[in-house]
>>> print(open('input_24.cif').read())   # mmCIF, C-alpha atoms and all ligand atoms
data_work
loop_
_atom_site.label_atom_id
_atom_site.label_comp_id
_atom_site.auth_asym_id
_atom_site.auth_seq_id
_atom_site.Cartn_x
_atom_site.Cartn_y
_atom_site.Cartn_z
CA MET A 8 -0.89 -1.84 -4.87
CA PRO A 9 0.97 0.03 -6.13
CA THR A 10 -1.53 2.56 -7.47
CA PRO A 11 -1.26 4.72 -10.62
CA HIS A 12 0.28 7.56 -8.58
CA ASN A 13 2.11 5.73 -5.80
CA SER A 14 4.76 2.99 -6.01
CA ALA A 15 4.82 2.19 -2.26
CA LYS A 16 3.92 -1.26 -0.92
CA LEU A 17 1.14 -1.89 1.59
CA GLY A 18 2.56 -1.13 5.03
CA ASP A 19 5.04 1.46 3.73
CA PHE A 20 2.96 4.40 5.01
CA ALA A 21 2.34 5.23 8.68
CA PRO A 22 -1.27 5.75 9.86
CA ALA A 23 -0.50 9.50 10.21
CA LEU A 24 0.76 11.57 7.29
CA LEU A 25 1.83 15.22 6.94
CA MET A 26 0.90 16.68 3.55
CA PRO A 27 2.52 19.92 2.33
CA GLY A 28 1.68 21.14 -1.17
CA ASP A 29 5.26 21.16 -2.41
CA PRO A 30 7.21 17.90 -2.99
CA LEU A 31 10.47 19.65 -2.04
CA ARG A 32 8.89 20.75 1.23
CA ALA A 33 7.88 17.12 1.88
CA ARG A 34 11.51 16.03 1.37
CA ARG A 35 12.69 18.83 3.66
CA ILE A 36 10.22 17.83 6.41
CA ALA A 37 11.34 14.20 6.08
CA GLU A 38 15.00 15.25 6.40
CA THR A 39 14.52 17.60 9.35
CA VAL A 40 11.64 16.08 11.34
CA LEU A 41 11.70 12.32 10.77
CA ALA A 42 14.22 9.88 12.22
CA ASP A 43 15.22 6.88 10.07
CA SER A 44 13.40 8.37 7.08
CA ARG A 45 13.13 6.28 3.89
CA GLU A 46 11.64 7.15 0.51
CA VAL A 47 8.68 4.84 -0.16
CA THR A 48 7.41 6.26 -3.48
CA SER A 49 8.59 8.71 -6.14
CA VAL A 50 6.02 8.56 -8.98
CA ARG A 51 6.05 11.83 -11.02
CA GLY A 52 8.79 13.14 -8.74
CA ASN A 53 6.33 13.33 -5.84
CA SER A 54 8.29 11.42 -3.22
CA GLY A 55 6.68 10.01 -0.07
CA PHE A 56 8.70 9.31 3.07
CA THR A 57 8.16 7.24 6.20
CA GLY A 58 10.20 7.39 9.40
CA THR A 59 9.54 8.05 13.06
CA TYR A 60 8.86 11.12 15.14
CA GLN A 61 9.31 10.84 18.91
CA GLY A 62 9.62 7.09 18.43
CA ARG A 63 6.33 6.67 16.55
CA PRO A 64 5.79 6.12 12.81
CA LEU A 65 4.99 9.16 10.67
CA SER A 66 4.86 9.71 6.88
CA VAL A 67 5.17 12.80 4.68
CA MET A 68 3.96 13.19 1.10
CA ALA A 69 3.00 16.28 -0.94
CA SER A 70 -0.46 16.97 -2.39
CA GLY A 71 0.62 19.02 -5.38
CA MET A 72 -1.51 22.11 -6.08
CA GLY A 73 -5.30 22.17 -6.05
CA MET A 74 -8.13 19.86 -5.06
CA PRO A 75 -7.92 17.41 -8.00
CA SER A 76 -4.25 16.67 -7.28
CA LEU A 77 -4.74 16.41 -3.51
CA THR A 78 -7.81 14.21 -3.89
CA ILE A 79 -5.95 11.68 -6.06
CA TYR A 80 -3.13 11.24 -3.52
CA ALA A 81 -5.40 11.34 -0.46
CA THR A 82 -7.89 8.81 -1.93
CA GLU A 83 -5.10 6.31 -2.62
CA LEU A 84 -3.50 6.89 0.81
CA PHE A 85 -6.79 6.39 2.68
CA ARG A 86 -8.31 3.69 0.45
CA ASP A 87 -5.28 1.59 -0.57
CA TYR A 88 -2.53 2.27 1.98
CA GLY A 89 -4.44 2.33 5.29
CA VAL A 90 -3.57 5.94 6.17
CA LYS A 91 -5.96 7.10 8.91
CA ARG A 92 -5.19 10.80 9.23
CA ILE A 93 -3.77 13.46 6.92
CA ILE A 94 -2.63 16.83 8.21
CA ARG A 95 -2.14 19.39 5.46
CA VAL A 96 0.57 21.90 6.28
CA GLY A 97 0.69 24.68 3.71
CA THR A 98 0.43 28.38 2.97
CA CYS A 99 -2.52 30.70 2.35
CA GLY A 100 -3.38 34.25 1.36
CA GLY A 101 -4.96 36.34 4.13
CA LEU A 102 -8.56 37.62 3.67
CA SER A 103 -9.74 38.75 7.13
CA SER A 104 -8.28 42.01 8.47
CA GLU A 105 -7.66 40.08 11.72
CA VAL A 106 -5.04 37.99 9.92
CA GLU A 107 -1.50 39.19 9.23
CA VAL A 108 1.32 37.80 7.11
CA GLY A 109 3.22 35.26 9.22
CA ASP A 110 0.19 34.24 11.34
CA VAL A 111 -0.95 30.62 11.54
CA VAL A 112 -4.46 29.65 10.41
CA VAL A 113 -6.12 26.38 11.47
CA ALA A 114 -9.04 25.53 9.16
CA LEU A 115 -12.27 24.63 10.98
CA GLY A 116 -14.13 24.42 7.65
CA ALA A 117 -13.60 25.33 4.00
CA HIS A 118 -15.91 27.13 1.55
CA THR A 119 -15.16 26.32 -2.06
CA ASP A 120 -15.90 27.26 -5.68
CA SER A 121 -14.79 23.77 -6.75
CA HIS A 122 -17.26 21.36 -8.34
CA MET A 123 -15.68 18.33 -6.67
CA ASN A 124 -18.05 18.20 -3.69
CA VAL A 125 -21.05 19.23 -5.84
CA ALA A 126 -20.35 16.02 -7.77
CA ARG A 127 -20.53 14.11 -4.48
CA PHE A 128 -23.71 15.92 -3.30
CA PRO A 129 -25.64 17.57 -6.15
CA GLU A 130 -28.68 18.09 -3.88
CA ILE A 131 -27.04 20.12 -1.10
CA ASN A 132 -24.20 22.54 -0.27
CA TYR A 133 -21.90 20.07 1.49
CA ALA A 134 -19.90 21.59 4.40
CA PRO A 135 -16.34 20.23 4.52
CA VAL A 136 -15.13 20.40 8.14
CA ALA A 137 -12.02 19.45 10.11
CA SER A 138 -11.75 16.42 12.33
CA TRP A 139 -12.46 17.71 15.84
CA PRO A 140 -9.92 15.50 17.73
CA LEU A 141 -7.13 16.69 15.40
CA LEU A 142 -8.22 20.32 15.64
CA GLU A 143 -8.37 20.09 19.42
CA ALA A 144 -4.90 18.49 19.59
CA ALA A 145 -3.42 21.21 17.35
CA MET A 146 -5.02 24.00 19.38
CA ARG A 147 -3.60 22.59 22.64
CA GLU A 148 -0.18 23.51 21.19
CA ALA A 149 -1.30 27.04 20.17
CA PRO A 150 -0.64 28.86 23.50
CA ALA A 151 3.04 27.81 23.36
CA LEU A 152 3.28 29.28 19.85
CA GLU A 153 1.48 32.49 20.86
CA ALA A 154 3.91 32.87 23.78
CA GLU A 155 6.66 33.02 21.14
CA GLY A 156 4.79 35.79 19.30
CA VAL A 157 3.10 33.73 16.56
CA LYS A 158 -0.63 34.48 16.36
CA VAL A 159 -2.87 31.44 15.78
CA HIS A 160 -6.37 31.79 14.27
CA VAL A 161 -9.02 29.10 13.95
CA GLY A 162 -12.01 29.51 11.64
CA SER A 163 -13.28 29.10 8.11
CA ILE A 164 -11.15 29.42 4.99
CA MET A 165 -11.81 29.46 1.23
CA SER A 166 -10.51 26.67 -1.04
CA SER A 167 -10.37 28.10 -4.54
CA ASP A 168 -9.78 26.48 -7.92
CA HIS A 169 -8.21 29.72 -9.20
CA PHE A 170 -4.99 31.30 -8.03
CA TYR A 171 -5.04 34.18 -10.55
CA PHE A 172 -8.76 34.91 -10.92
CA THR A 173 -11.35 36.02 -8.35
CA PRO A 174 -14.88 37.24 -9.15
CA ASP A 175 -15.27 40.96 -8.35
CA GLY A 176 -15.91 41.54 -4.65
CA LEU A 177 -15.80 37.87 -3.62
CA ASN A 178 -12.72 38.13 -1.41
CA GLU A 179 -14.15 41.23 0.33
CA ARG A 180 -17.49 39.46 0.97
CA LEU A 181 -15.77 36.33 2.26
CA ALA A 182 -13.67 38.50 4.61
CA GLN A 183 -16.84 40.28 5.80
CA TYR A 184 -18.24 36.85 6.69
CA GLY A 185 -15.17 36.11 8.81
CA THR A 186 -13.32 33.92 6.32
CA LEU A 187 -9.70 33.95 7.43
CA ALA A 188 -7.75 33.08 4.29
CA VAL A 189 -7.71 31.46 0.84
CA GLU A 190 -5.82 28.39 -0.37
CA MET A 191 -6.56 25.64 -2.89
CA GLU A 192 -6.85 22.20 -1.24
CA THR A 193 -8.73 21.92 2.07
CA ALA A 194 -12.36 21.51 0.87
CA GLY A 195 -11.13 18.53 -1.15
CA LEU A 196 -9.12 17.07 1.74
CA TYR A 197 -11.93 17.31 4.32
CA ALA A 198 -14.43 15.67 1.95
CA VAL A 199 -12.16 12.79 0.95
CA ALA A 200 -11.34 12.12 4.62
CA ALA A 201 -15.09 11.96 5.34
CA GLU A 202 -15.60 9.62 2.36
CA PHE A 203 -13.21 7.08 3.87
CA GLY A 204 -14.13 7.56 7.55
CA ALA A 205 -10.67 9.04 8.12
CA GLU A 206 -9.44 12.21 9.84
CA ALA A 207 -8.05 15.43 8.37
CA LEU A 208 -6.84 18.85 9.44
CA THR A 209 -5.26 21.84 7.66
CA VAL A 210 -2.70 24.12 9.32
CA LEU A 211 -1.53 27.09 7.23
CA THR A 212 1.02 29.89 7.37
CA VAL A 213 -0.22 33.22 5.92
CA SER A 214 2.32 33.91 3.15
CA ASP A 215 0.66 37.05 1.75
CA HIS A 216 -2.47 39.16 2.31
CA LEU A 217 -4.95 39.71 -0.51
CA LEU A 218 -6.81 42.72 0.95
CA VAL A 219 -4.44 44.47 3.37
CA SER A 220 -1.04 45.62 2.13
CA GLY A 221 1.88 45.26 4.50
CA PRO A 222 5.43 44.01 4.67
CA GLU A 223 6.30 40.75 2.91
CA MET A 224 7.93 38.01 4.98
CA THR A 225 11.69 37.60 4.69
CA HIS A 226 13.00 34.15 3.79
CA GLU A 227 14.05 33.58 7.44
CA GLU A 228 10.62 34.66 8.72
CA ARG A 229 8.98 32.27 6.26
CA GLU A 230 11.01 29.38 7.69
CA THR A 231 10.39 30.20 11.37
CA ARG A 232 6.67 30.80 10.82
CA PHE A 233 6.39 27.60 8.80
CA ALA A 234 8.11 25.80 11.70
CA GLY A 235 5.35 27.11 13.98
CA ALA A 236 2.60 25.73 11.74
CA LEU A 237 4.51 22.45 11.54
CA ARG A 238 4.51 22.21 15.35
CA LEU A 239 0.70 22.40 15.43
CA ALA A 240 0.48 19.87 12.60
CA LEU A 241 2.81 17.47 14.44
CA ALA A 242 0.75 17.85 17.64
CA ALA A 243 -2.34 16.81 15.66
CA ALA A 244 -0.57 13.98 13.80
CA MET A 245 0.84 12.39 16.97
CA SER A 246 -2.31 12.85 19.15
N1 LIG A 301 -4.54 32.03 -3.27
C1 LIG A 301 -4.58 30.71 -3.22
N2 LIG A 301 -3.71 29.99 -2.55
C2 LIG A 301 -2.73 30.63 -1.91
C3 LIG A 301 -2.63 32.01 -1.92
C4 LIG A 301 -3.59 32.74 -2.65
O1 LIG A 301 -3.55 33.95 -2.70
N3 LIG A 301 -1.54 32.36 -1.20
C5 LIG A 301 -0.99 31.22 -0.75
N4 LIG A 301 -1.71 30.17 -1.17
#
>>> encode(input="input_24.cif", output="structure tokens")
Amino acid sequence: MPTPHNSAKLGDFAPALLMPGDPLRARRIAETVLADSREVTSVRGNSGFTGTYQGRPLSVMASGMGMPSLTIYATELFRDYGVKRIIRVGTCGGLSSEVEVGDVVVALGAHTDSHMNVARFPEINYAPVASWPLLEAAMREAPALEAEGVKVHVGSIMSSDHFYFTPDGLNERLAQYGTLAVEMETAGLYAVAAEFGAEALTVLTVSDHLLVSGPEMTHEERETRFAGALRLALAAAMS
């Protein structure tokens, strides 16, 4: 304490932490959601914040992009700072034809092309899955969101190491198997939470669709839809 990637002191982080990908999004969440927010770390410009939400402690810190970056931060938060649950709140590309831009996706489990969990379990295909109590708490908030016109999906997603490369036909096959969307972090997050006996959940906004063309979200739509995903993430964090 501190760690190579975190200058906070022990006790600076709350047991529950929201984790967007983008450090500027983390700052924005801290400014708009937390009361009495203070910056507890800023190594490499990746600031972490702790404050309260509805009178209870809550932290926010970004993962950066991809499983290696997320796994570094999450390992140190779970192992060295006593964080007990991390809720990733991010964006994804739609795969399933059931999913539309602007919908919310809650990740039950995450397929991956990453080697990170193969290194943990060379003998088997490890299945990274969400923490059920967090998933259940998030989904209790879903009907309220759906009543406001935001569709919420729960199911499997793909965590990819590549943003700009996909093997021919892979996205189509994943969609055929009911995979809702693709992002780049969750298979790493669910495994590192399991490693430390901690809890994790991913709640995503669909920012684009990889297989079905349709209208892009406006900037305002992006913000309101992100706010919807954030509500589910907060319900899980505070449960
Ligand atoms: N791929 C990976 N991650 C993403 C995407 C994507 O298409 N869209 C939003 N996050």
>>> closest_residue(input="input_24.cif", among="A:Gly101, A:Gly89, A:Pro135, A:Gly235", to="A:Ala154", atoms="only C-alpha atoms")
A:Gly235
>>> closest_residue(input="input_24.cif", among="A:Leu141, A:Val50, A:Val112, A:Val189", to="ligand LIG 301 (chain A)", atoms="all atoms listed in the file")
A:Val189
>>> closest_atom_pairs(input="input_24.cif", of="chain A", to="ligand LIG 301 (chain A)", cutoff="6 Å", atoms="all atoms listed in the file", output="Markdown table")
| residue | atom | partner | partner_atom | distance |
| --- | --- | --- | --- | --- |
| A:Thr98 | CA | A:LIG301 | C5 | 4.9 |
| A:Cys99 | CA | A:LIG301 | C5 | 3.5 |
| A:Gly100 | CA | A:LIG301 | N3 | 3.7 |
| A:Phe170 | CA | A:LIG301 | N1 | 4.8 |
| A:Val189 | CA | A:LIG301 | C1 | 5.2 |
| A:Glu190 | CA | A:LIG301 | N2 | 3.4 |
| A:Met191 | CA | A:LIG301 | N2 | 5.2 |
| A:Ser214 | CA | A:LIG301 | C5 | 5.8 |
| A:Asp215 | CA | A:LIG301 | N3 | 6.0 |
>>> closest_residue(input="input_24.cif", among="A:Pro75, A:Gly28, A:Gly221, A:Gly18", to="A:Ser121", atoms="all atoms listed in the file")
A:Pro75
>>> residues_around(input="input_24.cif", residues="A:Thr119", least_positions_apart="6", cutoff="12 Å", atoms="all atoms listed in the file", output="ChimeraX atom specification")
/A:73-74,125,132-136,163-169,177,181,186,188-198
>>> atom_distance(input="input_24.cif", atom1="atom CA of A:Met245", atom2="atom CA of A:Ala149")
15.1 Å
>>> axis_aligned_box(input="input_24.cif", around="stretch 194-211 of chain A", padding_each_side="6 Å", output="AutoDock Vina command-line options")
--center_x -8.6 --center_y 17.1 --center_z 4.3 --size_x 26.1 --size_y 32.0 --size_z 23.0
>>> closest_residue(input="input_24.cif", among="A:Arg51, A:Arg32, A:Arg238, A:Arg63", to="A:Ala145", atoms="only C-alpha atoms")
A:Arg238
>>> atom_distance(input="input_24.cif", atom1="atom CA of A:Ala244", atom2="atom CA of A:Leu65")
8.0 Å
>>> atom_distance(input="input_24.cif", atom1="atom CA of A:Met146", atom2="atom CA of A:Gly62")
22.4 Å
>>> closest_residue(input="input_24.cif", among="A:Ala15, A:Leu142, A:Leu41, A:Met72", to="A:Tyr60", atoms="all atoms listed in the file")
A:Leu41
>>> closest_residue(input="input_24.cif", among="A:Met123, A:Asp29, A:Arg35, A:Pro64", to="A:Gly52", atoms="only C-alpha atoms")
A:Asp29
>>> residues_around(input="input_24.cif", residues="A:Arg34", least_positions_apart="3", cutoff="9 Å", atoms="all atoms listed in the file", output="PyMOL selection string")
chain A and resi 29-31+37-39+46+54-56+67-69
>>> residues_around(input="input_24.cif", residues="A:Ile94", least_positions_apart="2", cutoff="8 Å", atoms="only C-alpha atoms", output="list in words")
Ala23, Leu24, Leu25, Met26, Arg92, Val96, Ala207, Leu208, Thr209, Val210, Ala240, Ala243 and Ala244 of chain A
>>> residues_around(input="input_24.cif", residues="A:Val106", least_positions_apart="6", cutoff="8 Å", atoms="only C-alpha atoms", output="list in words")
His160, Leu187, Ala188 and Val213 of chain A
>>> write_last_selection(input="input_24.cif", atoms="C-alpha atoms", output="CSV table (one decimal), in the frame of the given file")
chain,number,residue,atom,x,y,z
A,160,HIS,CA,-6.4,31.8,14.3
A,187,LEU,CA,-9.7,34.0,7.4
A,188,ALA,CA,-7.8,33.1,4.3
A,213,VAL,CA,-0.2,33.2,5.9
